[in-house]
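final.cif, holding mmCIF, C-alpha atoms:
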data_model
#
loop_
_atom_site.label_atom_id
_atom_site.label_comp_id
_atom_site.auth_asym_id
_atom_site.auth_seq_id
_atom_site.Cartn_x
_atom_site.Cartn_y
_atom_site.Cartn_z
CA MET A 1 1.86 18.12 -14.27
CA ARG A 2 -0.07 15.15 -12.92
CA TYR A 3 -3.42 16.98 -12.70
CA LYS A 4 -2.98 18.54 -16.15
CA THR A 5 -2.35 15.08 -17.57
CA ILE A 6 -5.45 13.68 -15.84
CA ILE A 7 -7.56 16.46 -17.40
CA MET A 8 -6.06 15.67 -20.83
CA VAL A 9 -6.89 11.97 -20.43
CA MET A 10 -10.46 12.60 -19.35
CA THR A 11 -10.99 15.04 -22.23
CA ALA A 12 -9.63 12.51 -24.70
CA LEU A 13 -11.81 9.74 -23.26
CA MET A 14 -14.97 11.88 -23.46
CA THR A 15 -14.14 12.91 -27.02
CA LEU A 16 -13.58 9.33 -28.12
CA THR A 17 -16.75 8.18 -26.34
CA ALA A 18 -18.80 10.87 -28.09
CA SER A 19 -17.25 9.83 -31.40
CA ALA A 20 -18.08 6.20 -30.70
CA GLU A 21 -21.70 7.05 -29.99
CA SER A 22 -22.09 9.18 -33.11
CA SER A 23 -20.37 7.04 -35.75
CA SER A 24 -18.43 3.79 -35.73
CA ASN A 25 -16.97 3.87 -39.28
CA GLY A 26 -16.07 0.23 -38.88
CA TRP A 27 -14.40 0.77 -35.52
CA GLU A 28 -15.53 -0.68 -32.20
CA TYR A 29 -14.83 1.29 -29.00
CA THR A 30 -14.21 -0.28 -25.59
CA ALA A 31 -13.55 1.27 -22.19
CA ARG A 32 -11.43 -0.65 -19.68
CA LEU A 33 -10.59 -0.48 -15.99
CA GLY A 34 -7.89 -2.71 -14.52
CA TYR A 35 -5.50 -3.34 -11.65
CA GLY A 36 -1.85 -4.29 -12.17
CA ILE A 37 0.72 -6.21 -10.16
CA GLY A 38 4.41 -6.15 -10.97
CA GLY A 39 7.52 -4.09 -10.51
CA MET A 40 10.68 -2.58 -11.90
CA THR A 41 13.13 -5.46 -12.06
CA PRO A 42 16.38 -6.59 -13.69
CA ILE A 43 16.18 -9.43 -16.21
CA GLY A 44 17.65 -12.31 -14.24
CA MET A 45 18.33 -11.95 -10.53
CA PRO A 46 21.86 -10.53 -10.05
CA ALA A 47 24.18 -11.97 -7.42
CA THR A 48 24.13 -8.69 -5.50
CA ILE A 49 20.43 -9.18 -4.62
CA ARG A 50 20.31 -12.06 -2.11
CA SER A 51 16.61 -12.15 -1.13
CA LEU A 52 13.29 -10.32 -1.37
CA ASN A 53 12.01 -9.74 2.16
CA LYS A 54 8.78 -7.84 1.46
CA TYR A 55 6.67 -6.66 -1.47
CA GLU A 56 3.84 -4.16 -0.98
CA LEU A 57 0.88 -3.86 -3.36
CA ARG A 58 0.42 -0.38 -4.82
CA PRO A 59 -2.62 1.39 -6.38
CA ASN A 60 -1.68 0.35 -9.93
CA PHE A 61 -4.89 1.21 -11.74
CA THR A 62 -5.46 1.45 -15.50
CA LEU A 63 -8.22 3.54 -17.07
CA GLY A 64 -8.50 3.74 -20.83
CA ILE A 65 -10.40 3.47 -24.05
CA ASP A 66 -9.54 1.34 -27.09
CA ALA A 67 -10.54 1.48 -30.73
CA HIS A 68 -10.63 -1.85 -32.60
CA LYS A 69 -11.19 -2.49 -36.29
CA GLN A 70 -11.78 -5.88 -37.87
CA LEU A 71 -9.67 -6.28 -41.05
CA THR A 72 -10.55 -9.92 -41.84
CA PRO A 73 -12.94 -12.41 -40.20
CA LYS A 74 -10.12 -13.35 -37.79
CA TRP A 75 -7.58 -10.51 -37.76
CA GLY A 76 -7.82 -6.88 -36.72
CA ILE A 77 -5.96 -3.91 -35.22
CA LEU A 78 -6.38 -2.25 -31.84
CA THR A 79 -5.12 1.07 -30.51
CA GLY A 80 -6.17 3.44 -27.75
CA LEU A 81 -5.13 5.67 -24.89
CA HIS A 82 -4.52 4.36 -21.35
CA SER A 83 -3.86 6.25 -18.13
CA GLU A 84 -1.77 3.95 -15.93
CA ASN A 85 -0.06 3.93 -12.57
CA LYS A 86 2.93 1.60 -12.23
CA GLY A 87 4.49 1.30 -8.81
CA MET A 88 6.19 -0.97 -6.32
CA LYS A 89 7.71 -0.95 -2.85
CA VAL A 90 10.15 -3.72 -1.98
CA ASP A 91 12.47 -4.58 0.89
CA ALA A 92 15.46 -6.67 -0.22
CA THR A 93 18.71 -7.97 1.25
CA VAL A 94 21.72 -7.10 -0.90
CA LYS A 95 25.48 -7.70 -0.84
CA ASN A 96 28.12 -5.46 -2.44
CA TYR A 97 25.36 -3.47 -4.17
CA HIS A 98 26.75 -0.38 -5.90
CA ILE A 99 24.83 2.74 -4.90
CA THR A 100 25.10 6.42 -4.00
CA MET A 101 23.36 7.54 -0.81
CA THR A 102 23.17 10.29 1.79
CA GLN A 103 23.55 9.89 5.54
CA GLY A 104 22.89 13.18 7.28
CA ASP A 105 24.86 15.79 5.31
CA ASP A 106 27.35 13.24 3.98
CA GLU A 107 26.87 12.00 0.39
CA MET A 108 28.77 8.82 -0.32
CA GLU A 109 29.21 6.24 -3.06
CA GLY A 110 30.28 2.66 -2.67
CA TYR A 111 29.19 -0.94 -2.17
CA TYR A 112 26.40 -1.63 0.28
CA THR A 113 25.61 -4.83 2.19
CA GLY A 114 22.40 -5.09 4.23
CA ASN A 115 18.71 -4.25 3.82
CA LEU A 116 17.50 -1.92 1.08
CA VAL A 117 13.98 -0.48 0.64
CA THR A 118 13.05 0.86 -2.80
CA GLU A 119 9.87 2.75 -3.70
CA CYS A 120 9.14 3.45 -7.35
CA ASN A 121 6.07 5.04 -8.91
CA GLU A 122 5.25 6.11 -12.46
CA TRP A 123 2.10 7.79 -13.74
CA VAL A 124 2.02 7.27 -17.50
CA LEU A 125 -0.02 7.78 -20.66
CA THR A 126 0.26 4.71 -22.88
CA LEU A 127 -0.50 4.28 -26.58
CA PRO A 128 -0.75 0.59 -27.61
CA VAL A 129 -0.75 -0.59 -31.24
CA MET A 130 -1.73 -4.27 -31.30
CA ALA A 131 -2.67 -6.95 -33.77
CA THR A 132 -5.77 -8.91 -32.73
CA PHE A 133 -6.91 -12.45 -33.44
CA HIS A 134 -10.42 -13.75 -32.74
CA ALA A 135 -9.90 -17.22 -31.33
CA SER A 136 -13.69 -17.53 -30.93
CA ASP A 137 -16.80 -15.36 -30.79
CA LYS A 138 -16.01 -14.57 -27.15
CA VAL A 139 -12.20 -14.50 -27.00
CA MET A 140 -9.88 -12.01 -28.70
CA LEU A 141 -6.10 -12.40 -28.42
CA LYS A 142 -3.87 -9.35 -28.89
CA CYS A 143 -0.18 -8.52 -29.12
CA GLY A 144 1.91 -5.52 -30.11
CA PRO A 145 4.17 -2.67 -29.03
CA TYR A 146 3.30 0.22 -26.73
CA LEU A 147 4.73 3.68 -26.16
CA SER A 148 4.40 5.45 -22.80
CA TYR A 149 4.94 9.04 -21.71
CA VAL A 150 5.89 9.29 -18.03
CA GLY A 151 4.19 12.35 -16.54
CA ASN A 152 5.00 11.81 -12.86
CA LYS A 153 7.85 9.65 -11.55
CA THR A 154 9.51 8.68 -8.26
CA PHE A 155 12.44 6.39 -7.50
CA LYS A 156 13.68 6.67 -3.93
CA GLY A 157 14.37 4.65 -0.81
CA TYR A 158 16.69 3.95 2.09
CA VAL A 159 19.09 1.36 3.51
CA TYR A 160 19.19 0.05 7.06
CA ASP A 161 20.90 -2.53 9.28
CA GLY A 162 23.97 -2.80 7.07
CA TYR A 163 27.18 -1.08 6.03
CA LEU A 164 28.68 0.73 3.06
CA ARG A 165 32.22 0.26 1.81
CA ARG A 166 33.13 3.69 0.47
CA VAL A 167 34.31 3.82 -3.19
CA LEU A 168 35.75 0.27 -3.27
CA PRO A 169 34.50 -3.11 -1.94
CA THR A 170 37.45 -2.97 0.46
CA GLY A 171 37.10 0.73 1.30
CA GLU A 172 36.19 2.51 4.52
CA LYS A 173 33.31 0.77 6.33
CA ILE A 174 30.35 3.01 7.27
CA GLU A 175 27.63 1.51 9.44
CA MET A 176 23.94 2.04 8.65
CA GLY A 177 21.34 1.79 11.43
CA ASN A 178 17.56 1.44 11.44
CA THR A 179 16.55 4.94 12.57
CA GLU A 180 15.98 7.95 10.32
CA ASP A 181 19.21 9.59 11.50
CA SER A 182 21.42 6.52 11.14
CA ARG A 183 20.22 4.99 7.88
CA GLY A 184 21.19 6.07 4.36
CA THR A 185 18.73 7.51 1.82
CA PHE A 186 18.70 7.92 -1.96
CA ASP A 187 16.52 9.57 -4.59
CA PHE A 188 17.09 8.98 -8.32
CA SER A 189 13.74 10.32 -9.54
CA ASP A 190 15.40 12.92 -11.80
CA LYS A 191 17.34 10.16 -13.61
CA MET A 192 14.23 8.41 -14.93
CA ARG A 193 13.11 8.36 -18.56
CA LYS A 194 10.15 10.40 -19.77
CA VAL A 195 9.44 8.01 -22.66
CA GLN A 196 9.33 4.21 -22.35
CA TRP A 197 8.34 1.41 -24.70
CA GLY A 198 7.75 -2.32 -24.65
CA ILE A 199 5.49 -5.21 -25.68
CA ASP A 200 1.89 -5.83 -24.56
CA VAL A 201 0.23 -9.25 -24.90
CA GLY A 202 -3.18 -10.24 -23.61
CA ALA A 203 -6.73 -11.42 -24.16
CA ASP A 204 -10.25 -9.96 -23.98
CA TRP A 205 -13.24 -12.12 -23.02
CA GLN A 206 -16.72 -10.89 -23.99
CA LEU A 207 -19.02 -12.13 -21.21
CA CYS A 208 -22.23 -10.57 -22.55
CA HIS A 209 -23.34 -7.97 -25.08
CA ARG A 210 -21.61 -5.06 -23.32
CA TRP A 211 -19.46 -6.41 -20.48
CA GLY A 212 -16.31 -8.46 -20.51
CA ALA A 213 -12.98 -9.09 -18.78
CA TYR A 214 -9.36 -8.84 -19.84
CA ALA A 215 -5.84 -9.82 -18.86
CA ASP A 216 -2.66 -8.16 -20.13
CA LEU A 217 1.08 -8.53 -19.62
CA GLN A 218 3.26 -5.48 -20.30
CA TRP A 219 6.98 -6.17 -20.66
CA GLY A 220 9.13 -3.05 -20.82
CA LEU A 221 12.00 -3.10 -23.30
CA SER A 222 13.47 0.22 -22.15
CA GLY A 223 14.89 0.66 -18.67
CA ILE A 224 13.15 3.09 -16.35
CA HIS A 225 16.35 5.15 -15.96
CA ARG A 226 18.19 7.03 -18.68
CA SER A 227 21.02 5.09 -20.34
CA SER A 228 23.58 7.54 -18.90
CA PHE A 229 22.58 6.58 -15.33
CA LYS A 230 25.19 4.12 -14.03
CA THR A 231 24.81 4.38 -10.24
CA ILE A 232 22.68 1.22 -10.14
CA GLU A 233 24.52 -1.45 -12.11
CA GLN A 234 21.45 -3.38 -13.28
CA THR A 235 18.97 -2.01 -15.81
CA LEU A 236 15.46 -2.08 -14.31
CA TYR A 237 12.54 -2.87 -16.61
CA PRO A 238 8.82 -2.28 -15.83
CA ILE A 239 7.00 -5.63 -16.00
CA PHE A 240 3.33 -5.67 -14.98
CA GLY A 241 0.36 -7.99 -15.31
CA THR A 242 -3.11 -6.40 -15.35
CA VAL A 243 -6.60 -7.84 -14.97
CA GLY A 244 -9.84 -5.92 -15.23
CA VAL A 245 -13.22 -5.32 -16.80
CA ILE A 246 -14.19 -3.96 -20.21
CA TYR A 247 -17.34 -2.25 -21.43
CA LYS A 248 -18.21 -2.06 -25.13
CA LEU A 249 -19.25 1.49 -26.06
CA LYS A 250 -20.01 0.87 -29.71
#
As structure tokens, what does this structure read like?
Amino acid sequence: MRYKTIIMVMTALMTLTASAESSSNGWEYTARLGYGIGGMTPIGMPATIRSLNKYELRPNFTLGIDAHKQLTPKWGILTGLHSENKGMKVDATVKNYHITMTQGDDEMEGYYTGNLVTECNEWVLTLPVMATFHASDKVMLKCGPYLSYVGNKTFKGYVYDGYLRRVLPTGEKIEMGNTEDSRGTFDFSDKMRKVQWGIDVGADWQLCHRWGAYADLQWGLSGIHRSSFKTIEQTLYPIFGTVGVIYKLK
């Protein structure tokens, strides 16, 4: 699925580039390459998450092409197609965190206290539809909704140096160690949404005739898991900031 999607993206980008070179029809075409930092996070830190011990940068690259049309001297509309990777790996300390996990052949549900490592990765195709405002000849502000199709997704991890209270916060205590055999693992990849949406705000700076830079903030309004998924109590939203370079094709 991932390689098929990559081929589709590249075909679309080449088609749009050829169209940009042949005829503008009032549209301007821009290619962009960026790197994002962020994560899948609840809105407001819940009491069950006590501290963030470690955050690892991931290869969160964006490659895309945009089409922009000026409607008035100041206002316009922008859309496009972006291939994006959104991922994170965090190590957190939690207390009474509701979760289902596996230790050896034993699957168990309950309330976990200790260290928890979560790795999440999404490979998505994103369609933004944004209003634009030219603050100056060099700076264009933009804001609008986006829709993403998730082609490849992973949400997994493990717990270590802690304990699980089975079923209830006062239930049977099960110790978790820090070796592969003694820690608990989980994988909720099949519970993730295939379609996500949110709001994208940002700015493009034109540095010269062809080259420029940009900064965007994507704030997901849909959780990464399906609404029927209740194992993790908090809804996790993808929130990422991206910086990169742009190249005007036409």
With the cut-off set at 6 Å and counting all atoms listed in the file, tabulate each residue of region 11-92 of chain A with an atom at most that distance from an atom of region 131-152 of chain A, showing the nearest atom pair and its distance in Å to one decimal, ordered by chain and increasing number, as a Markdown table.
| residue | atom | partner | partner_atom | distance |
| --- | --- | --- | --- | --- |
| A:Lys74 | CA | A:His134 | CA | 5.1 |
| A:Trp75 | CA | A:Phe133 | CA | 4.8 |
| A:Gly76 | CA | A:Thr132 | CA | 4.9 |
| A:Ile77 | CA | A:Ala131 | CA | 4.7 |
- Message: Would you compute the distance between CA of Gly114 (chain A) and CA of Gly177 (chain A)? Give it in Å to one decimal.
- Response: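 Between CA of Gly114 (chain A) and CA of Gly177 (chain A) the gap is 10.0 Å.
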- A:Ile49, A:Leu127, A:Val195, A:Ile246 ranked by distance to Gly34 (chain A), top pick (using only C-alpha atoms): A:Ile246
- Top pick for closest residue to Leu168 (chain A), considering A:Leu207, A:Ile65, A:Ile199, A:Met108 and counting all atoms listed in the file: A:Met108
- Item | Protein, DNA and RNA residues within 12 Å of (36.3, -1.4, -1.5), all atoms listed in the file, as a PyMOL selection string | chain A and resi 96-98+109-113+163-174
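Comparing the minimum interatomic distances between Thr231 (chain A) and each of A:Arg193, A:Gly44, A:Asp105, A:Phe186, counting only C-alpha atoms, we find that A:Phe186 sits nearest.
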- Query: For Arg32 (chain A), which of A:Leu249, A:Ile232, A:Leu125, A:Val159 is the closest residue, counting only C-alpha atoms?
  - Reply: A:Leu249
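If you measure from each of A:Glu122, A:Asp216, A:Asp200, A:Glu28 to Lys69 (chain A) using all atoms listed in the file, the closest one turns out to be A:Glu28.
Residue nearest Leu63 (chain A), chosen from A:Leu33, A:Met130, A:Met192, A:Ala92 and counting all atoms listed in the file: A:Leu33.
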- For CA of Lys248 (chain A) and CA of Glu84 (chain A), determine how far apart the two atoms are, in Å to one decimal place. 19.8 Å
- Item | Residues matched by the PyMOL selection byres ((chain A and resi 235) around 8), written as number ranges by chain | A: 41-43, 223-225, 232-234, 236-237
